[in-house]
>>> print(open('coords-v4.txt').read())   # compact mmCIF, C-alpha atoms and all ligand atoms
# COMPACT_ATOMS: atom_id res chain seq x y z
CA MET A 156 -14.69 -24.87 15.76
CA LYS A 157 -18.47 -24.48 15.86
CA GLY A 158 -20.60 -26.40 13.38
CA ILE A 159 -22.30 -23.24 12.08
CA ILE A 160 -18.95 -22.27 10.54
CA PHE A 161 -18.78 -25.63 8.72
CA THR A 162 -22.42 -25.67 7.58
CA GLU A 163 -22.14 -22.11 6.26
CA PHE A 164 -18.80 -22.82 4.59
CA LEU A 165 -20.23 -25.82 2.72
CA ASP A 166 -23.37 -23.80 1.83
CA MET A 167 -21.14 -21.10 0.35
CA VAL A 168 -19.18 -23.67 -1.67
CA GLU A 169 -22.45 -25.13 -2.95
CA ASP A 170 -23.85 -21.68 -3.86
CA TYR A 171 -20.69 -20.50 -5.64
CA TYR A 172 -19.26 -23.70 -7.11
CA GLY A 173 -22.00 -26.36 -6.97
CA LEU A 174 -22.58 -29.64 -5.16
CA ALA A 175 -19.95 -31.54 -7.16
CA VAL A 176 -17.24 -29.29 -5.69
CA VAL A 177 -18.67 -29.80 -2.18
CA ASP A 178 -18.36 -33.58 -2.66
CA GLU A 179 -14.88 -33.24 -4.15
CA ILE A 180 -13.45 -31.18 -1.29
CA ILE A 181 -14.99 -33.47 1.35
CA GLN A 182 -13.35 -36.45 -0.36
CA LYS A 183 -10.02 -34.69 -0.73
CA SER A 184 -9.80 -33.51 2.88
CA GLU A 185 -9.02 -35.79 5.75
CA GLY A 186 -12.03 -34.72 7.80
CA VAL A 187 -13.08 -37.21 10.41
CA SER A 188 -16.68 -36.00 10.18
CA ASP A 189 -17.06 -36.97 6.49
CA GLY A 190 -18.79 -33.71 5.70
CA VAL A 191 -21.65 -34.28 8.13
CA TYR A 192 -21.94 -31.27 10.43
CA THR A 193 -24.67 -29.85 12.63
CA SER A 194 -24.70 -26.15 13.43
CA VAL A 195 -24.57 -26.74 17.20
CA GLY A 196 -21.82 -29.38 17.08
CA THR A 197 -18.13 -28.68 17.63
CA TYR A 198 -15.43 -30.00 15.32
CA GLU A 199 -11.66 -29.92 14.99
CA PHE A 200 -10.26 -26.63 13.69
CA ASN A 201 -7.98 -28.65 11.37
CA GLU A 202 -11.06 -29.93 9.58
CA ILE A 203 -12.05 -26.50 8.30
CA LEU A 204 -8.43 -25.93 7.25
CA SER A 205 -8.42 -29.18 5.26
CA LEU A 206 -11.67 -28.19 3.53
CA LEU A 207 -10.28 -24.75 2.76
CA VAL A 208 -7.00 -26.09 1.36
CA ALA A 209 -8.94 -28.62 -0.75
CA LEU A 210 -11.19 -25.85 -2.09
CA GLY A 211 -8.14 -23.72 -2.92
CA GLU A 212 -6.73 -26.61 -4.96
CA VAL A 213 -9.98 -27.43 -6.72
CA VAL A 214 -10.87 -23.85 -7.72
CA SER A 215 -7.26 -22.55 -7.98
CA LYS A 216 -7.71 -19.74 -5.48
CA ASP A 217 -5.57 -18.42 -2.69
CA ILE A 218 -6.60 -19.47 0.85
CA GLN A 219 -6.68 -15.87 2.15
CA GLU A 220 -8.91 -14.81 -0.72
CA LEU A 221 -11.28 -17.71 -0.02
CA LEU A 222 -11.37 -16.83 3.69
CA TYR A 223 -12.19 -13.21 2.82
CA VAL A 224 -15.03 -14.27 0.51
CA PHE A 225 -16.26 -16.65 3.22
CA GLY A 226 -16.24 -13.73 5.71
CA LEU A 227 -18.45 -11.72 3.35
CA TYR A 228 -20.86 -14.67 3.15
CA LEU A 229 -20.70 -15.57 6.84
CA PHE A 230 -21.80 -12.18 8.16
CA ASN A 231 -25.18 -12.61 6.47
CA SER A 232 -25.51 -16.16 7.82
CA LEU A 233 -24.75 -15.02 11.38
CA ARG A 234 -27.11 -12.06 11.01
CA ILE A 235 -29.93 -14.37 9.92
CA ALA A 236 -29.16 -16.98 12.61
CA HIS A 237 -28.94 -14.35 15.38
CA PRO A 238 -31.01 -11.30 14.35
CA GLU A 239 -31.35 -10.08 17.95
CA ILE A 240 -27.61 -9.39 18.15
CA ILE A 241 -27.41 -7.32 14.96
CA ARG A 242 -30.70 -5.51 15.55
CA SER A 243 -29.30 -3.63 18.53
CA TYR A 244 -26.93 -1.71 16.21
CA LYS A 245 -28.16 1.10 14.00
CA LYS A 246 -24.75 1.62 12.39
CA PRO A 247 -21.83 -0.66 11.48
CA MET A 248 -18.95 1.16 13.24
CA PRO A 249 -20.40 0.71 16.77
CA LEU A 250 -21.11 -2.94 15.87
CA ILE A 251 -17.49 -3.59 14.86
CA ALA A 252 -16.24 -1.76 17.97
CA ALA A 253 -18.44 -4.03 20.12
CA ILE A 254 -17.35 -7.45 18.80
CA GLU A 255 -15.10 -8.09 21.77
CA ASP A 256 -17.23 -6.64 24.59
CA HIS A 257 -20.73 -7.48 23.42
CA ILE A 258 -21.13 -9.64 20.32
CA HIS A 259 -18.67 -12.40 21.08
CA VAL A 260 -19.59 -12.26 24.79
CA HIS A 261 -23.13 -13.10 23.72
CA VAL A 262 -21.81 -15.78 21.33
CA LYS A 263 -19.94 -17.38 24.24
CA LYS A 264 -23.24 -17.64 26.16
CA LEU A 265 -24.94 -19.27 23.17
CA TYR A 266 -21.98 -21.57 22.41
CA PRO A 267 -19.89 -22.00 25.59
CA ASP A 268 -17.21 -23.99 23.76
CA ALA A 269 -16.73 -21.37 21.00
CA ALA A 270 -13.08 -20.51 20.29
CA LEU A 271 -13.18 -16.79 19.61
CA PRO A 272 -10.54 -14.25 18.61
CA SER A 273 -9.87 -11.12 20.64
CA PHE A 274 -9.94 -7.56 19.32
CA LEU A 275 -7.89 -4.96 21.16
CA ILE A 276 -9.06 -1.43 20.35
CA LEU A 277 -6.21 1.08 19.92
CA GLU A 278 -8.18 4.04 18.58
CA LYS A 279 -11.89 4.73 18.31
CA SER A 280 -13.87 7.66 16.93
CA GLU A 281 -17.12 8.03 14.99
CA PHE A 282 -15.49 7.38 11.61
CA LYS A 283 -12.30 5.52 12.46
CA LEU A 284 -11.45 2.37 14.36
CA VAL A 285 -7.99 0.86 14.83
CA MET A 286 -7.91 -2.57 16.45
CA VAL A 287 -5.67 -5.61 16.71
CA TYR A 288 -7.10 -9.02 15.87
CA LYS A 289 -5.52 -11.75 17.99
CA SER A 290 -6.10 -15.46 17.56
CA ALA A 291 -3.89 -18.51 17.33
CA ARG A 292 -6.12 -19.58 14.43
CA GLY A 293 -4.93 -16.69 12.25
CA LEU A 294 -8.25 -16.17 10.48
CA TYR A 295 -7.67 -12.45 9.87
CA SER A 296 -8.94 -12.62 6.28
CA LEU A 297 -12.20 -14.04 7.63
CA ALA A 298 -12.37 -11.05 10.01
CA HIS A 299 -11.66 -8.72 7.08
CA GLY A 300 -14.58 -10.14 5.09
CA LEU A 301 -16.91 -10.01 8.10
CA ILE A 302 -16.08 -6.31 8.69
CA VAL A 303 -16.63 -5.34 5.03
CA SER A 304 -19.87 -7.32 4.92
CA ALA A 305 -21.18 -5.59 8.06
CA PHE A 306 -20.72 -2.21 6.34
CA GLU A 307 -22.41 -3.52 3.19
CA HIS A 308 -25.36 -4.63 5.28
CA TYR A 309 -25.85 -1.05 6.54
CA LYS A 310 -25.11 0.32 3.05
CA GLU A 311 -22.19 2.39 4.29
CA GLU A 312 -18.93 2.91 2.40
CA VAL A 313 -15.80 1.70 4.18
CA ASN A 314 -12.07 1.43 3.69
CA VAL A 315 -10.37 -1.42 5.55
CA GLN A 316 -6.58 -1.70 5.70
CA PHE A 317 -4.65 -4.31 7.58
CA GLU A 318 -1.09 -4.82 8.70
CA ILE A 319 0.18 -8.29 9.62
CA LEU A 320 2.02 -7.90 12.94
CA LYS A 321 2.96 -11.57 13.34
CA GLU A 322 3.91 -13.61 10.32
CA ASP A 323 1.61 -16.50 11.21
CA GLY A 324 -1.38 -14.12 11.09
CA SER A 325 -2.07 -14.47 14.82
CA GLU A 326 -1.83 -10.68 15.30
CA VAL A 327 -3.12 -8.31 12.66
CA LYS A 328 -3.86 -4.59 12.97
CA PHE A 329 -7.01 -3.36 11.23
CA THR A 330 -7.73 0.27 10.36
CA VAL A 331 -11.39 0.78 9.51
CA VAL A 332 -12.42 4.16 8.08
CA SER A 333 -16.05 4.84 7.19
CA HIS A 334 -17.18 7.52 4.75
CA ALA A 335 -20.75 7.85 5.97
C1 LIG A 401 -18.29 -8.12 11.86
C2 LIG A 401 -18.25 -8.60 13.05
C3 LIG A 401 -17.50 -9.85 13.42
C4 LIG A 401 -16.17 -10.16 13.27
C5 LIG A 401 -15.09 -9.29 12.64
C6 LIG A 401 -15.98 -11.50 13.80
C7 LIG A 401 -14.78 -12.20 13.77
C8 LIG A 401 -14.67 -13.56 13.99
C9 LIG A 401 -13.54 -14.37 13.61
C10 LIG A 401 -12.33 -13.87 12.86
C11 LIG A 401 -13.80 -15.64 14.00
C12 LIG A 401 -12.94 -16.91 13.77
C13 LIG A 401 -12.26 -17.41 15.01
C14 LIG A 401 -10.86 -16.85 15.20
O1 LIG A 401 -10.40 -16.02 14.37
O2 LIG A 401 -10.21 -17.21 16.19
C15 LIG A 401 -15.10 -15.64 14.63
C16 LIG A 401 -15.72 -16.75 15.14
C17 LIG A 401 -17.04 -16.79 15.47
N1 LIG A 401 -17.91 -15.73 15.55
FE1 LIG A 401 -17.49 -13.80 15.11
N2 LIG A 401 -17.18 -11.97 14.29
C18 LIG A 401 -18.13 -11.00 14.05
C19 LIG A 401 -19.46 -11.07 14.34
C20 LIG A 401 -20.09 -12.18 14.83
C21 LIG A 401 -21.52 -12.28 15.02
C22 LIG A 401 -22.54 -11.19 14.73
C23 LIG A 401 -21.74 -13.53 15.51
C24 LIG A 401 -23.02 -14.22 15.90
C25 LIG A 401 -24.09 -13.72 16.13
C26 LIG A 401 -20.46 -14.21 15.59
C27 LIG A 401 -20.29 -15.51 15.98
C28 LIG A 401 -19.14 -16.23 15.87
C29 LIG A 401 -19.07 -17.69 16.04
C30 LIG A 401 -20.20 -18.63 16.38
C31 LIG A 401 -17.74 -18.04 15.79
C32 LIG A 401 -17.14 -19.45 15.79
C33 LIG A 401 -16.48 -19.82 17.08
C34 LIG A 401 -15.98 -21.25 17.03
O3 LIG A 401 -15.92 -21.84 15.96
O4 LIG A 401 -15.65 -21.84 18.07
N3 LIG A 401 -19.47 -13.35 15.19
N4 LIG A 401 -15.62 -14.34 14.64
>>> encode(input="coords-v4.txt", output="structure tokens", more="lines below")
Ligand code: HEM
Amino acid sequence: MKGIIFTEFLDMVEDYYGLAVVDEIIQKSEGVSDGVYTSVGTYEFNEILSLLVALGEVVSKDIQELLYVFGLYLFNSLRIAHPEIIRSYKKPMPLIAAIEDHIHVHVKKLYPDAALPSFLILEKSEFKLVMVYKSARGLYSLAHGLIVSAFEHYKEEVNVQFEILKEDGSEVKFTVVSHA
């Protein structure tokens, strides 16, 4: 998993819970990197899971809820780190519909070793998008937060529903309906 995910995750923990909690979760988790990450480095996926589980224990929150909140936070971090990608979209729905064919394609050029999910579009119109998130990493709540945050960025109202198709979260159907 790319370092930018780790650096932003720890920044979020610091912003919301303070540095003491950052130190505590790094100590609690069995990360081989000891909490030292660079945004261009690549680290074991298990490391982010350990940090997430440790945070859930320390702040008594559900992992999916924490991933969702991290998705909300992460969209702004990615937008600031890569403004050229976001700038080409005037509205959020076309942006979400283009994750697979444009945004993550671009990400793969920037970070060739990125491990990205796939999004299979089942239905697409101006105000409605139905797509299936697929990834062995099962980070669908992160995707949920990223989608909601993208709409917030453009100040558009949205309703996002999801249906877990595979119990391990590796396939999840999203229905995104905008009210703009
Ligand atoms: C709202 C739109 C987006 C959604 C829903 C989305 C979804 C996701 C999800 C769920 C992951 C976690 C990996 C997995 O599930 O297998 C991911 C990874 C990633 N995404 Fe996106 N993404 C979005 C936009 C972007 C943008 C705008 C950028 C950068 C400019 C970006 C860059 C990345 C990077 C760097 C990773 C990490 C890959 C790795 O760790 O190897 N994404 N994305």
>>> atom_distance(input="coords-v4.txt", atom1="atom N4 of ligand LIG 401 (chain A)", atom2="atom CA of A:Glu179")
26.7 Å
>>> atom_distance(input="coords-v4.txt", atom1="atom C15 of ligand LIG 401 (chain A)", atom2="atom CA of A:Val331")
17.6 Å
>>> closest_atom_pairs(input="coords-v4.txt", of="stretch 204-260 of chain A", to="stretch 272-286 of chain A", cutoff="12 Å", atoms="all atoms listed in the file", output="JSON lines")
{"residue": "A:Lys246", "atom": "CA", "partner": "A:Glu281", "partner_atom": "CA", "distance": 10.3}
{"residue": "A:Pro247", "atom": "CA", "partner": "A:Phe282", "partner_atom": "CA", "distance": 10.2}
{"residue": "A:Met248", "atom": "CA", "partner": "A:Phe282", "partner_atom": "CA", "distance": 7.3}
{"residue": "A:Pro249", "atom": "CA", "partner": "A:Glu281", "partner_atom": "CA", "distance": 8.2}
{"residue": "A:Leu250", "atom": "CA", "partner": "A:Leu284", "partner_atom": "CA", "distance": 11.1}
{"residue": "A:Ile251", "atom": "CA", "partner": "A:Leu284", "partner_atom": "CA", "distance": 8.5}
{"residue": "A:Ala252", "atom": "CA", "partner": "A:Leu284", "partner_atom": "CA", "distance": 7.3}
{"residue": "A:Ala253", "atom": "CA", "partner": "A:Phe274", "partner_atom": "CA", "distance": 9.2}
{"residue": "A:Ile254", "atom": "CA", "partner": "A:Phe274", "partner_atom": "CA", "distance": 7.4}
{"residue": "A:Glu255", "atom": "CA", "partner": "A:Phe274", "partner_atom": "CA", "distance": 5.7}
{"residue": "A:Asp256", "atom": "CA", "partner": "A:Phe274", "partner_atom": "CA", "distance": 9.0}
{"residue": "A:His257", "atom": "CA", "partner": "A:Phe274", "partner_atom": "CA", "distance": 11.5}
{"residue": "A:Ile258", "atom": "CA", "partner": "A:Ser273", "partner_atom": "CA", "distance": 11.4}
{"residue": "A:His259", "atom": "CA", "partner": "A:Pro272", "partner_atom": "CA", "distance": 8.7}
{"residue": "A:Val260", "atom": "CA", "partner": "A:Ser273", "partner_atom": "CA", "distance": 10.6}
>>> residues_near_point(input="coords-v4.txt", point="(-18.5, -5.0, 3.2)", cutoff="12 Å", atoms="all atoms listed in the file", output="MDAnalysis selection string")
chainID A and resid 223:231 247:248 251 297:315 331 333
>>> write_last_selection(input="coords-v4.txt", atoms="C-alpha atoms", output="PDB file, in the frame of the given file")
ATOM      1  CA  TYR A 223     -12.190 -13.210   2.820  1.00  0.00           C
ATOM      2  CA  VAL A 224     -15.030 -14.270   0.510  1.00  0.00           C
ATOM      3  CA  PHE A 225     -16.260 -16.650   3.220  1.00  0.00           C
ATOM      4  CA  GLY A 226     -16.240 -13.730   5.710  1.00  0.00           C
ATOM      5  CA  LEU A 227     -18.450 -11.720   3.350  1.00  0.00           C
ATOM      6  CA  TYR A 228     -20.860 -14.670   3.150  1.00  0.00           C
ATOM      7  CA  LEU A 229     -20.700 -15.570   6.840  1.00  0.00           C
ATOM      8  CA  PHE A 230     -21.800 -12.180   8.160  1.00  0.00           C
ATOM      9  CA  ASN A 231     -25.180 -12.610   6.470  1.00  0.00           C
ATOM     10  CA  PRO A 247     -21.830  -0.660  11.480  1.00  0.00           C
ATOM     11  CA  MET A 248     -18.950   1.160  13.240  1.00  0.00           C
ATOM     12  CA  ILE A 251     -17.490  -3.590  14.860  1.00  0.00           C
ATOM     13  CA  LEU A 297     -12.200 -14.040   7.630  1.00  0.00           C
ATOM     14  CA  ALA A 298     -12.370 -11.050  10.010  1.00  0.00           C
ATOM     15  CA  HIS A 299     -11.660  -8.720   7.080  1.00  0.00           C
ATOM     16  CA  GLY A 300     -14.580 -10.140   5.090  1.00  0.00           C
ATOM     17  CA  LEU A 301     -16.910 -10.010   8.100  1.00  0.00           C
ATOM     18  CA  ILE A 302     -16.080  -6.310   8.690  1.00  0.00           C
ATOM     19  CA  VAL A 303     -16.630  -5.340   5.030  1.00  0.00           C
ATOM     20  CA  SER A 304     -19.870  -7.320   4.920  1.00  0.00           C
ATOM     21  CA  ALA A 305     -21.180  -5.590   8.060  1.00  0.00           C
ATOM     22  CA  PHE A 306     -20.720  -2.210   6.340  1.00  0.00           C
ATOM     23  CA  GLU A 307     -22.410  -3.520   3.190  1.00  0.00           C
ATOM     24  CA  HIS A 308     -25.360  -4.630   5.280  1.00  0.00           C
ATOM     25  CA  TYR A 309     -25.850  -1.050   6.540  1.00  0.00           C
ATOM     26  CA  LYS A 310     -25.110   0.320   3.050  1.00  0.00           C
ATOM     27  CA  GLU A 311     -22.190   2.390   4.290  1.00  0.00           C
ATOM     28  CA  GLU A 312     -18.930   2.910   2.400  1.00  0.00           C
ATOM     29  CA  VAL A 313     -15.800   1.700   4.180  1.00  0.00           C
ATOM     30  CA  ASN A 314     -12.070   1.430   3.690  1.00  0.00           C
ATOM     31  CA  VAL A 315     -10.370  -1.420   5.550  1.00  0.00           C
ATOM     32  CA  VAL A 331     -11.390   0.780   9.510  1.00  0.00           C
ATOM     33  CA  SER A 333     -16.050   4.840   7.190  1.00  0.00           C
TER      34      SER A 333
END
>>> closest_residue(input="coords-v4.txt", among="A:Asp323, A:Phe329, A:Gly158, A:Ser243", to="A:Phe200", atoms="only C-alpha atoms")
A:Gly158
>>> closest_residue(input="coords-v4.txt", among="A:Ile160, A:Ser325, A:Val332, A:Arg292", to="A:Thr193", atoms="only C-alpha atoms")
A:Ile160
>>> atom_distance(input="coords-v4.txt", atom1="atom CA of A:Glu318", atom2="atom CA of A:Ile203")
24.3 Å
>>> closest_residue(input="coords-v4.txt", among="A:Val214, A:Val177, A:Val262, A:Leu165", to="A:Ile241", atoms="only C-alpha atoms")
A:Val262
>>> closest_residue(input="coords-v4.txt", among="A:Arg242, A:Lys263, A:Lys157, A:Lys321", to="ligand LIG 401 (chain A)", atoms="all atoms listed in the file")
A:Lys157
>>> closest_residue(input="coords-v4.txt", among="A:Leu204, A:Ser232, A:Met156, A:Asp170", to="A:Ser184", atoms="all atoms listed in the file")
A:Leu204
>>> residues_around(input="coords-v4.txt", residues="A:Lys183", least_positions_apart="2", cutoff="9 Å", atoms="all atoms listed in the file", output="ChimeraX atom specification")
/A:178-181,185-186,205-206,209
>>> write_last_selection(input="coords-v4.txt", atoms="C-alpha atoms", output="PDB file, keeping the file's coordinate frame")
ATOM      1  CA  ASP A 178     -18.360 -33.580  -2.660  1.00  0.00           C
ATOM      2  CA  GLU A 179     -14.880 -33.240  -4.150  1.00  0.00           C
ATOM      3  CA  ILE A 180     -13.450 -31.180  -1.290  1.00  0.00           C
ATOM      4  CA  ILE A 181     -14.990 -33.470   1.350  1.00  0.00           C
ATOM      5  CA  GLU A 185      -9.020 -35.790   5.750  1.00  0.00           C
ATOM      6  CA  GLY A 186     -12.030 -34.720   7.800  1.00  0.00           C
ATOM      7  CA  SER A 205      -8.420 -29.180   5.260  1.00  0.00           C
ATOM      8  CA  LEU A 206     -11.670 -28.190   3.530  1.00  0.00           C
ATOM      9  CA  ALA A 209      -8.940 -28.620  -0.750  1.00  0.00           C
TER      10      ALA A 209
END
>>> closest_residue(input="coords-v4.txt", among="A:Glu322, A:Glu163, A:Asp189, A:Glu220", to="ligand LIG 401 (chain A)", atoms="only C-alpha atoms and all ligand atoms")
A:Glu163
>>> residues_around(input="coords-v4.txt", residues="A:Val327", least_positions_apart="3", cutoff="9 Å", atoms="only C-alpha atoms", output="ChimeraX atom specification")
/A:286-289,293,295,317-321,324
